[in-house]
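Trainee: structure_1.cif is the file, holding mmCIF, C-alpha atoms and all ligand atoms:
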data_query
loop_
_atom_site.label_atom_id
_atom_site.label_comp_id
_atom_site.auth_asym_id
_atom_site.auth_seq_id
_atom_site.Cartn_x
_atom_site.Cartn_y
_atom_site.Cartn_z
CA MET A 101 -6.26 14.34 11.37
CA VAL A 102 -5.64 11.65 14.00
CA PRO A 103 -2.09 11.14 15.33
CA LEU A 104 -1.39 7.41 15.62
CA GLY A 105 2.13 7.61 17.00
CA PRO A 106 5.46 9.29 16.28
CA GLY A 107 5.41 10.23 12.58
CA ALA A 108 2.14 8.42 11.77
CA VAL A 109 -1.10 10.29 10.98
CA LEU A 110 -4.56 8.98 9.99
CA LEU A 111 -6.51 11.22 7.60
CA THR A 112 -9.97 9.72 8.02
CA ALA A 113 -11.97 9.57 4.73
CA ARG A 114 -9.41 11.92 3.08
CA ALA A 115 -9.63 10.11 -0.30
CA LEU A 116 -13.46 9.96 -0.48
CA ASP A 117 -13.99 12.88 -2.90
CA GLY A 118 -11.45 11.42 -5.30
CA VAL A 119 -12.64 7.81 -5.27
CA PRO A 120 -14.24 7.72 -8.76
CA ALA A 121 -11.06 9.08 -10.39
CA LEU A 122 -8.85 6.81 -8.27
CA LEU A 123 -10.79 3.67 -9.18
CA GLU A 124 -10.86 4.59 -12.86
CA ALA A 125 -7.09 5.07 -12.81
CA LEU A 126 -6.61 1.85 -10.83
CA HIS A 127 -8.54 -0.16 -13.39
CA ALA A 128 -6.52 1.39 -16.23
CA VAL A 129 -3.27 0.38 -14.48
CA ALA A 130 -4.60 -3.14 -13.94
CA GLU A 131 -5.54 -3.45 -17.59
CA ALA A 132 -1.92 -2.73 -18.63
CA ALA A 133 -0.31 -4.61 -15.71
CA PRO A 134 -2.80 -7.20 -14.38
CA PHE A 135 -3.00 -8.16 -10.70
CA ARG A 136 -1.00 -11.29 -9.91
CA ARG A 137 -0.25 -13.33 -6.80
CA MET A 138 3.51 -13.55 -6.48
CA THR A 139 5.77 -16.17 -4.92
CA VAL A 140 7.88 -15.41 -1.86
CA PRO A 141 11.43 -16.76 -1.49
CA GLY A 142 10.20 -19.61 0.74
CA GLY A 143 8.01 -20.83 -2.16
CA HIS A 144 4.54 -19.87 -0.91
CA THR A 145 2.15 -17.80 -3.02
CA MET A 146 0.91 -14.57 -1.43
CA SER A 147 -2.85 -14.37 -0.76
CA VAL A 148 -2.78 -10.68 -1.77
CA ALA A 149 -2.73 -9.93 -5.52
CA MET A 150 -0.54 -7.01 -6.57
CA THR A 151 0.42 -4.70 -9.38
CA SER A 152 2.36 -1.42 -9.55
CA CYS A 153 2.71 1.82 -11.43
CA GLY A 154 5.44 4.43 -11.63
CA ALA A 155 9.16 4.22 -12.42
CA ALA A 156 9.49 0.91 -10.54
CA GLY A 157 7.31 -1.78 -9.03
CA TRP A 158 7.75 -4.04 -6.01
CA ILE A 159 8.11 -7.69 -6.93
CA THR A 160 8.90 -10.98 -5.24
CA ASP A 161 9.88 -14.37 -6.60
CA ARG A 162 12.02 -17.32 -5.45
CA ARG A 163 15.10 -15.06 -5.66
CA GLY A 164 13.83 -12.43 -3.24
CA TYR A 165 12.04 -9.11 -2.78
CA ARG A 166 13.09 -6.08 -4.85
CA TYR A 167 12.01 -3.18 -7.03
CA SER A 168 12.03 -3.67 -10.79
CA ALA A 169 11.71 -1.07 -13.56
CA THR A 170 9.79 -3.61 -15.64
CA ASP A 171 6.80 -5.88 -15.04
CA PRO A 172 8.23 -9.43 -14.97
CA ASP A 173 4.97 -10.81 -16.41
CA SER A 174 5.17 -8.69 -19.59
CA GLY A 175 8.76 -7.44 -19.76
CA ARG A 176 7.39 -3.92 -20.25
CA PRO A 177 7.83 -0.84 -18.04
CA TRP A 178 5.11 -0.42 -15.39
CA PRO A 179 2.27 1.96 -16.32
CA ALA A 180 2.96 5.61 -15.47
CA MET A 181 1.72 6.89 -12.13
CA PRO A 182 -1.77 8.35 -12.81
CA GLU A 183 -2.17 12.06 -12.02
CA PRO A 184 -4.98 11.54 -9.44
CA PHE A 185 -2.74 9.06 -7.57
CA ARG A 186 0.24 11.42 -7.45
CA ASP A 187 -1.87 14.45 -6.51
CA LEU A 188 -3.52 12.68 -3.55
CA ALA A 189 -0.23 11.23 -2.26
CA ARG A 190 1.52 14.59 -2.40
CA ALA A 191 -1.36 16.47 -0.76
CA ALA A 192 -1.76 13.92 2.05
CA ALA A 193 1.98 13.86 2.77
CA ALA A 194 2.08 17.66 2.88
CA GLU A 195 -0.87 17.76 5.31
CA ALA A 196 0.99 15.33 7.54
CA GLY A 197 4.13 17.46 7.56
CA PHE A 198 6.11 16.03 4.62
CA PRO A 199 5.94 18.88 2.08
CA ASP A 200 8.33 17.48 -0.54
CA PHE A 201 7.15 13.90 -1.00
CA GLN A 202 7.97 12.70 -4.51
CA PRO A 203 6.80 9.09 -4.78
CA ASP A 204 8.31 7.13 -7.65
CA THR A 205 6.17 4.02 -7.20
CA CYS A 206 2.69 2.98 -6.10
CA LEU A 207 2.11 -0.64 -5.11
CA ILE A 208 -1.54 -1.65 -5.47
CA ASN A 209 -2.65 -4.52 -3.24
CA ARG A 210 -5.93 -6.36 -3.82
CA TYR A 211 -7.43 -8.38 -0.95
CA GLU A 212 -10.35 -10.75 -1.35
CA PRO A 213 -12.05 -12.25 1.74
CA GLY A 214 -9.53 -14.41 3.59
CA ALA A 215 -6.47 -12.66 2.13
CA ARG A 216 -4.01 -11.35 4.70
CA MET A 217 -0.56 -9.88 5.07
CA GLY A 218 1.63 -11.15 7.88
CA LEU A 219 3.66 -8.82 10.10
CA HIS A 220 6.62 -7.40 8.17
CA GLN A 221 8.78 -4.31 7.80
CA ASP A 222 9.06 -2.32 4.57
CA ARG A 223 12.78 -2.07 4.00
CA ASP A 224 13.29 -2.63 0.29
CA GLU A 225 13.24 1.13 -0.40
CA ARG A 226 16.53 3.01 -0.68
CA ASP A 227 15.12 6.09 1.02
CA THR A 228 13.54 5.25 4.38
CA ASP A 229 13.56 8.96 5.31
CA ALA A 230 10.65 9.49 2.92
CA PRO A 231 7.23 8.58 4.32
CA ILE A 232 4.86 5.97 2.90
CA VAL A 233 1.32 7.13 2.09
CA SER A 234 -1.36 4.42 2.14
CA VAL A 235 -4.90 4.71 0.75
CA SER A 236 -7.63 2.16 1.57
CA LEU A 237 -10.51 1.54 -0.86
CA GLY A 238 -13.47 -0.84 -0.68
CA LEU A 239 -13.99 -3.37 2.10
CA ALA A 240 -12.65 -2.41 5.54
CA ALA A 241 -9.68 -4.23 7.05
CA THR A 242 -8.01 -4.59 10.42
CA PHE A 243 -4.52 -3.15 10.30
CA LEU A 244 -2.02 -4.72 12.72
CA TRP A 245 0.55 -2.30 14.00
CA GLY A 246 3.49 -3.64 15.95
CA GLY A 247 6.70 -2.07 17.14
CA LEU A 248 10.29 -2.02 15.95
CA LEU A 249 10.81 -5.66 16.97
CA ARG A 250 8.90 -8.56 15.40
CA ASN A 251 7.58 -9.76 18.77
CA ASP A 252 6.40 -6.36 20.05
CA PRO A 253 2.62 -6.48 20.73
CA ALA A 254 0.43 -5.27 17.82
CA ARG A 255 -2.38 -2.71 18.02
CA ARG A 256 -5.46 -3.34 15.87
CA LEU A 257 -6.70 -0.38 13.85
CA PRO A 258 -9.64 -0.44 11.41
CA LEU A 259 -8.87 1.01 7.95
CA ARG A 260 -11.99 1.97 6.01
CA HIS A 261 -12.90 3.05 2.49
CA GLY A 262 -11.28 6.42 1.81
CA ASP A 263 -8.88 6.41 4.75
CA VAL A 264 -5.37 7.71 4.12
CA VAL A 265 -2.45 7.09 6.47
CA VAL A 266 0.94 8.79 6.29
CA TRP A 267 3.72 6.73 7.87
CA GLY A 268 6.90 8.72 8.42
CA GLY A 269 9.61 9.23 10.97
CA PRO A 270 10.05 6.37 13.49
CA SER A 271 6.81 4.66 12.35
CA ARG A 272 8.33 4.04 8.92
CA LEU A 273 10.24 0.95 10.07
CA GLN A 274 7.63 -0.55 12.38
CA PHE A 275 6.25 -4.05 11.87
CA HIS A 276 2.76 -4.09 10.40
CA GLY A 277 0.28 -6.35 8.64
CA ILE A 278 -3.37 -6.93 7.71
CA ALA A 279 -5.64 -9.47 9.47
CA PRO A 280 -7.54 -11.89 7.19
CA LEU A 281 -10.14 -9.85 5.26
CA ARG A 282 -13.71 -10.47 6.39
CA GLU A 283 -16.36 -11.54 3.91
CA GLY A 284 -18.32 -8.63 2.47
CA GLU A 285 -19.47 -6.72 -0.56
CA HIS A 286 -18.69 -3.05 -1.23
CA PRO A 287 -20.87 -0.99 -3.61
CA LEU A 288 -17.84 0.40 -5.48
CA THR A 289 -15.29 -2.43 -5.38
CA GLY A 290 -17.38 -5.57 -4.95
CA ARG A 291 -15.89 -8.38 -2.88
CA CYS A 292 -12.51 -6.75 -2.37
CA ARG A 293 -10.30 -4.21 -0.69
CA TYR A 294 -7.62 -2.25 -2.54
CA ASN A 295 -4.71 -0.58 -0.85
CA LEU A 296 -2.42 1.88 -2.58
CA THR A 297 1.02 2.49 -1.04
CA PHE A 298 3.06 5.37 -2.39
CA ARG A 299 6.77 5.17 -1.80
CA ARG A 300 10.09 6.68 -2.72
CA ALA A 301 11.93 3.50 -3.63
CA LEU A 302 14.77 4.44 -6.03
C1 LIG B 1 3.51 1.20 8.39
N1 LIG B 1 0.29 -2.93 2.94
O1 LIG B 1 2.13 -3.06 0.98
S1 LIG B 1 -1.00 -0.31 4.27
C2 LIG B 1 2.54 -3.14 2.15
O2 LIG B 1 -3.09 -2.63 3.63
C3 LIG B 1 1.57 -3.11 3.25
O3 LIG B 1 -2.04 -3.52 1.98
C4 LIG B 1 -0.77 -3.01 3.89
O4 LIG B 1 1.95 -3.27 4.36
C5 LIG B 1 -2.06 -3.04 3.11
O5 LIG B 1 3.74 -3.21 2.45
C6 LIG B 1 -0.76 -1.94 4.90
C7 LIG B 1 -0.42 0.63 5.59
C8 LIG B 1 1.08 0.66 5.71
C9 LIG B 1 1.91 0.55 4.62
C10 LIG B 1 3.28 0.65 4.78
C11 LIG B 1 3.82 0.87 6.04
C12 LIG B 1 1.61 0.86 6.94
C13 LIG B 1 2.97 0.97 7.13
C14 LIG B 1 5.20 1.01 6.25
C15 LIG B 1 5.70 1.26 7.50
C16 LIG B 1 4.85 1.34 8.58
FE FE B 2 4.14 -3.07 4.43
#
Could you show the structure in this file as structure tokens?
Mentor:
Amino acid sequence: MVPLGPGAVLLTARALDGVPALLEALHAVAEAAPFRRMTVPGGHTMSVAMTSCGAAGWITDRRGYRYSATDPDSGRPWPAMPEPFRDLARAAAAEAGFPDFQPDTCLINRYEPGARMGLHQDRDERDTDAPIVSVSLGLAATFLWGGLLRNDPARRLPLRHGDVVVWGGPSRLQFHGIAPLREGEHPLTGRCRYNLTFRRAL
């Protein structure tokens, strides 16, 4: 357990034992709610492909960022949160000092080489007292971790297959992003990185 800063803890390789069940569940979610690259309000298409499971899913389109109870591509509710997802998120949060984490959504991000996520804050959730639990699978990425102001300098932190990070307390509202994914091939995920983020959004 590596403290990263106030409220933020890295659990190196914490998800490794559960990877087969996590990837099986991920693929089942993606079969019901396929990955898609969404449009941001400015009109650009994100390089990261996304889907969600749980009671709500994070979406963006020309009208803005928000949580939706239904998948806009199908009109159906998002797939239920798989048991192995929920169990890992709850256990990791508890280990990091958040014993009552009840995530109601998991956003699944898929990065292919070149995909990136610019510095942003996560503030679309109603409850910013709850932590966010993130799980990295497949190709490694460089996480960019800034401060509470957009122009604060960013630290660079590698996130590898199986790593879990719990972001609570003051770290919850810090700017963060992902540097462009390097080319590579992972034995379990191929040419991609997946990131699961568990949140209490509603
Ligand atoms: C720090 N995802 O989905 S995960 C996102 O790897 C997002 O896909 C990145 O940023 C990814 O919003 C980073 C690590 C992470 C997630 C949420 C955070 C770090 C965070 C929220 C607050 C502070
Ligand atoms: Fe984020």
Trainee: Could you pull out every residue with an atom within 9 Å of (7.8, -18.0, -3.8), file coordinates, counting only C-alpha atoms, and send them as a PyMOL selection string?
Mentor: chain A and resi 138-146+160-164
Trainee: Residues up to 9 Å from ligand LIG 1 (chain B), counting only C-alpha atoms and all ligand atoms: could you list those as a JSON list (two decimals) with C-alpha atoms, keeping the file's coordinate frame?
Mentor:
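Saved to part21.json:
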[["chain", "number", "residue", "atom", "x", "y", "z"],
["A", 108, "ALA", "CA", 2.14, 8.42, 11.77],
["A", 148, "VAL", "CA", -2.78, -10.68, -1.77],
["A", 150, "MET", "CA", -0.54, -7.01, -6.57],
["A", 207, "LEU", "CA", 2.11, -0.64, -5.11],
["A", 208, "ILE", "CA", -1.54, -1.65, -5.47],
["A", 209, "ASN", "CA", -2.65, -4.52, -3.24],
["A", 210, "ARG", "CA", -5.93, -6.36, -3.82],
["A", 211, "TYR", "CA", -7.43, -8.38, -0.95],
["A", 216, "ARG", "CA", -4.01, -11.35, 4.70],
["A", 217, "MET", "CA", -0.56, -9.88, 5.07],
["A", 218, "GLY", "CA", 1.63, -11.15, 7.88],
["A", 219, "LEU", "CA", 3.66, -8.82, 10.10],
["A", 220, "HIS", "CA", 6.62, -7.40, 8.17],
["A", 221, "GLN", "CA", 8.78, -4.31, 7.80],
["A", 222, "ASP", "CA", 9.06, -2.32, 4.57],
["A", 223, "ARG", "CA", 12.78, -2.07, 4.00],
["A", 231, "PRO", "CA", 7.23, 8.58, 4.32],
["A", 232, "ILE", "CA", 4.86, 5.97, 2.90],
["A", 233, "VAL", "CA", 1.32, 7.13, 2.09],
["A", 234, "SER", "CA", -1.36, 4.42, 2.14],
["A", 235, "VAL", "CA", -4.90, 4.71, 0.75],
["A", 236, "SER", "CA", -7.63, 2.16, 1.57],
["A", 241, "ALA", "CA", -9.68, -4.23, 7.05],
["A", 242, "THR", "CA", -8.01, -4.59, 10.42],
["A", 243, "PHE", "CA", -4.52, -3.15, 10.30],
["A", 244, "LEU", "CA", -2.02, -4.72, 12.72],
["A", 245, "TRP", "CA", 0.55, -2.30, 14.00],
["A", 246, "GLY", "CA", 3.49, -3.64, 15.95],
["A", 259, "LEU", "CA", -8.87, 1.01, 7.95],
["A", 264, "VAL", "CA", -5.37, 7.71, 4.12],
["A", 265, "VAL", "CA", -2.45, 7.09, 6.47],
["A", 266, "VAL", "CA", 0.94, 8.79, 6.29],
["A", 267, "TRP", "CA", 3.72, 6.73, 7.87],
["A", 268, "GLY", "CA", 6.90, 8.72, 8.42],
["A", 270, "PRO", "CA", 10.05, 6.37, 13.49],
["A", 271, "SER", "CA", 6.81, 4.66, 12.35],
["A", 272, "ARG", "CA", 8.33, 4.04, 8.92],
["A", 273, "LEU", "CA", 10.24, 0.95, 10.07],
["A", 274, "GLN", "CA", 7.63, -0.55, 12.38],
["A", 275, "PHE", "CA", 6.25, -4.05, 11.87],
["A", 276, "HIS", "CA", 2.76, -4.09, 10.40],
["A", 277, "GLY", "CA", 0.28, -6.35, 8.64],
["A", 278, "ILE", "CA", -3.37, -6.93, 7.71],
["A", 293, "ARG", "CA", -10.30, -4.21, -0.69],
["A", 294, "TYR", "CA", -7.62, -2.25, -2.54],
["A", 295, "ASN", "CA", -4.71, -0.58, -0.85],
["A", 296, "LEU", "CA", -2.42, 1.88, -2.58],
["A", 297, "THR", "CA", 1.02, 2.49, -1.04],
["A", 298, "PHE", "CA", 3.06, 5.37, -2.39],
["A", 299, "ARG", "CA", 6.77, 5.17, -1.80]]
Trainee: Which of these residues is nearest to Glu283 in chain A, using only C-alpha atoms: A:Leu239, A:Asp117, A:Arg186, A:Arg260?
Mentor: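 Using only C-alpha atoms, the shortest distance to Glu283 in chain A belongs to A:Leu239.
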Trainee: Which one of A:Pro213, A:Gly290, A:His261, A:Trp158 sits closest to ligand FE 2 (chain B) if you count all atoms listed in the file?
Mentor: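 The shortest atom-to-atom distance to ligand FE 2 (chain B) comes from A:Trp158.
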Trainee: For Asp224 in chain A, find every residue with an atom within 8 Å (counting only C-alpha atoms), except residues of its own chain fewer than 5 positions away, and show them as a PyMOL selection string.
Mentor: chain A and resi 165-167+301
Trainee: Taking all atoms listed in the file into account, name the residue in A:Gly175, A:Gly107, A:Met181, A:Glu225 that is nearest to ligand FE 2 (chain B).
Mentor: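 Checking each of A:Gly175, A:Gly107, A:Met181, A:Glu225 against ligand FE 2 (chain B), counting all atoms listed in the file, the winner is A:Glu225.
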Trainee: Kindly give the distance, in Å, that separates CA of Thr170 in chain A and CA of Pro120 in chain A, rounded to a single decimal.
Mentor: 27.4 Å
Trainee: May I ask which of the residues A:Ala279, A:Glu285, A:Pro199, A:Ala169 is the closest one to Arg256 in chain A, counting all atoms listed in the file?
Mentor: A:Ala279
Trainee: May I have the protein, DNA and RNA residues with an atom at most 10 Å from (0.5, 15.5, 4.7), counting all atoms listed in the file in the file's coordinates, returned as a list in words?
Mentor: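 Protein, DNA and RNA residues close to (0.5, 15.5, 4.7): Met101, Val109, Leu110, Leu111, Leu188, Ala189, Arg190, Ala191, Ala192, Ala193, Ala194, Glu195, Ala196, Gly197, Phe198, Pro199, Asp200, Phe201, Pro231, Val233, Val264, Val265, Val266 and Trp267 of chain A.
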Trainee: To one decimal place in Å, what is the distance between CA of Ala132 in chain A and CA of Ser174 in chain A?
Mentor: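 Taking CA of Ala132 in chain A as the start and CA of Ser174 in chain A as the end point, the length is 9.3 Å.
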Trainee: Using the structure block above, produce a file of range 134-207 of chain A that contains C-alpha atoms, as a PDB file, in the first residue's frame.
Mentor:
ATOM      1  CA  PRO A 134     -20.509  -1.791 -26.749  1.00  0.00           C
ATOM      2  CA  PHE A 135     -17.542   0.569 -26.375  1.00  0.00           C
ATOM      3  CA  ARG A 136     -18.085   3.856 -28.204  1.00  0.00           C
ATOM      4  CA  ARG A 137     -16.115   7.061 -28.680  1.00  0.00           C
ATOM      5  CA  MET A 138     -18.314   9.916 -27.540  1.00  0.00           C
ATOM      6  CA  THR A 139     -18.467  13.567 -28.564  1.00  0.00           C
ATOM      7  CA  VAL A 140     -17.579  16.347 -26.151  1.00  0.00           C
ATOM      8  CA  PRO A 141     -19.552  19.618 -26.048  1.00  0.00           C
ATOM      9  CA  GLY A 142     -16.900  21.364 -28.185  1.00  0.00           C
ATOM     10  CA  GLY A 143     -17.587  18.835 -30.976  1.00  0.00           C
ATOM     11  CA  HIS A 144     -14.428  16.706 -30.828  1.00  0.00           C
ATOM     12  CA  THR A 145     -14.578  12.922 -30.520  1.00  0.00           C
ATOM     13  CA  MET A 146     -12.752  11.434 -27.533  1.00  0.00           C
ATOM     14  CA  SER A 147      -9.794   9.146 -28.347  1.00  0.00           C
ATOM     15  CA  VAL A 148     -10.805   6.885 -25.428  1.00  0.00           C
ATOM     16  CA  ALA A 149     -13.712   4.471 -26.057  1.00  0.00           C
ATOM     17  CA  MET A 150     -16.102   4.006 -23.136  1.00  0.00           C
ATOM     18  CA  THR A 151     -18.974   2.003 -21.762  1.00  0.00           C
ATOM     19  CA  SER A 152     -20.559   1.689 -18.306  1.00  0.00           C
ATOM     20  CA  CYS A 153     -22.383  -0.655 -15.991  1.00  0.00           C
ATOM     21  CA  GLY A 154     -24.459  -0.125 -12.880  1.00  0.00           C
ATOM     22  CA  ALA A 155     -27.474   2.072 -12.124  1.00  0.00           C
ATOM     23  CA  ALA A 156     -26.091   4.908 -14.273  1.00  0.00           C
ATOM     24  CA  GLY A 157     -23.378   5.532 -16.825  1.00  0.00           C
ATOM     25  CA  TRP A 158     -21.264   8.579 -17.623  1.00  0.00           C
ATOM     26  CA  ILE A 159     -21.981  10.038 -21.042  1.00  0.00           C
ATOM     27  CA  THR A 160     -21.047  13.074 -23.091  1.00  0.00           C
ATOM     28  CA  ASP A 161     -22.521  14.589 -26.227  1.00  0.00           C
ATOM     29  CA  ARG A 162     -22.894  18.080 -27.722  1.00  0.00           C
ATOM     30  CA  ARG A 163     -25.190  19.000 -24.811  1.00  0.00           C
ATOM     31  CA  GLY A 164     -22.676  18.244 -22.064  1.00  0.00           C
ATOM     32  CA  TYR A 165     -21.341  15.702 -19.570  1.00  0.00           C
ATOM     33  CA  ARG A 166     -23.761  13.834 -17.284  1.00  0.00           C
ATOM     34  CA  TYR A 167     -24.865  10.514 -15.840  1.00  0.00           C
ATOM     35  CA  SER A 168     -27.686   8.665 -17.570  1.00  0.00           C
ATOM     36  CA  ALA A 169     -29.709   5.678 -16.344  1.00  0.00           C
ATOM     37  CA  THR A 170     -29.883   4.402 -19.923  1.00  0.00           C
ATOM     38  CA  ASP A 171     -27.357   3.772 -22.688  1.00  0.00           C
ATOM     39  CA  PRO A 172     -28.030   6.461 -25.316  1.00  0.00           C
ATOM     40  CA  ASP A 173     -26.915   4.083 -28.096  1.00  0.00           C
ATOM     41  CA  SER A 174     -29.561   1.450 -27.266  1.00  0.00           C
ATOM     42  CA  GLY A 175     -32.110   3.220 -25.062  1.00  0.00           C
ATOM     43  CA  ARG A 176     -31.780   0.346 -22.580  1.00  0.00           C
ATOM     44  CA  PRO A 177     -30.564   0.425 -18.960  1.00  0.00           C
ATOM     45  CA  TRP A 178     -26.814  -0.160 -18.556  1.00  0.00           C
ATOM     46  CA  PRO A 179     -25.791  -3.744 -17.711  1.00  0.00           C
ATOM     47  CA  ALA A 180     -25.806  -4.518 -13.983  1.00  0.00           C
ATOM     48  CA  MET A 181     -22.542  -4.117 -12.101  1.00  0.00           C
ATOM     49  CA  PRO A 182     -20.857  -7.566 -12.190  1.00  0.00           C
ATOM     50  CA  GLU A 183     -20.206  -9.147  -8.780  1.00  0.00           C
ATOM     51  CA  PRO A 184     -16.394  -9.390  -9.255  1.00  0.00           C
ATOM     52  CA  PHE A 185     -16.308  -5.643 -10.067  1.00  0.00           C
ATOM     53  CA  ARG A 186     -18.297  -4.661  -6.974  1.00  0.00           C
ATOM     54  CA  ASP A 187     -16.379  -7.007  -4.667  1.00  0.00           C
ATOM     55  CA  LEU A 188     -12.965  -5.656  -5.743  1.00  0.00           C
ATOM     56  CA  ALA A 189     -14.064  -2.000  -5.499  1.00  0.00           C
ATOM     57  CA  ARG A 190     -15.498  -2.469  -2.019  1.00  0.00           C
ATOM     58  CA  ALA A 191     -12.483  -4.416  -0.737  1.00  0.00           C
ATOM     59  CA  ALA A 192      -9.958  -1.917  -2.138  1.00  0.00           C
ATOM     60  CA  ALA A 193     -11.857   1.065  -0.718  1.00  0.00           C
ATOM     61  CA  ALA A 194     -12.047  -0.603   2.696  1.00  0.00           C
ATOM     62  CA  GLU A 195      -8.290  -1.305   2.671  1.00  0.00           C
ATOM     63  CA  ALA A 196      -7.688   2.362   1.906  1.00  0.00           C
ATOM     64  CA  GLY A 197      -9.843   3.508   4.811  1.00  0.00           C
ATOM     65  CA  PHE A 198     -13.278   3.893   3.174  1.00  0.00           C
ATOM     66  CA  PRO A 199     -15.241   1.016   4.747  1.00  0.00           C
ATOM     67  CA  ASP A 200     -18.708   1.854   3.388  1.00  0.00           C
ATOM     68  CA  PHE A 201     -18.080   2.483  -0.310  1.00  0.00           C
ATOM     69  CA  GLN A 202     -21.197   1.656  -2.311  1.00  0.00           C
ATOM     70  CA  PRO A 203     -20.440   2.411  -5.963  1.00  0.00           C
ATOM     71  CA  ASP A 204     -23.487   2.772  -8.187  1.00  0.00           C
ATOM     72  CA  THR A 205     -21.567   3.029 -11.469  1.00  0.00           C
ATOM     73  CA  CYS A 206     -18.414   1.758 -13.133  1.00  0.00           C
ATOM     74  CA  LEU A 207     -17.083   3.622 -16.160  1.00  0.00           C
TER      75      LEU A 207
END
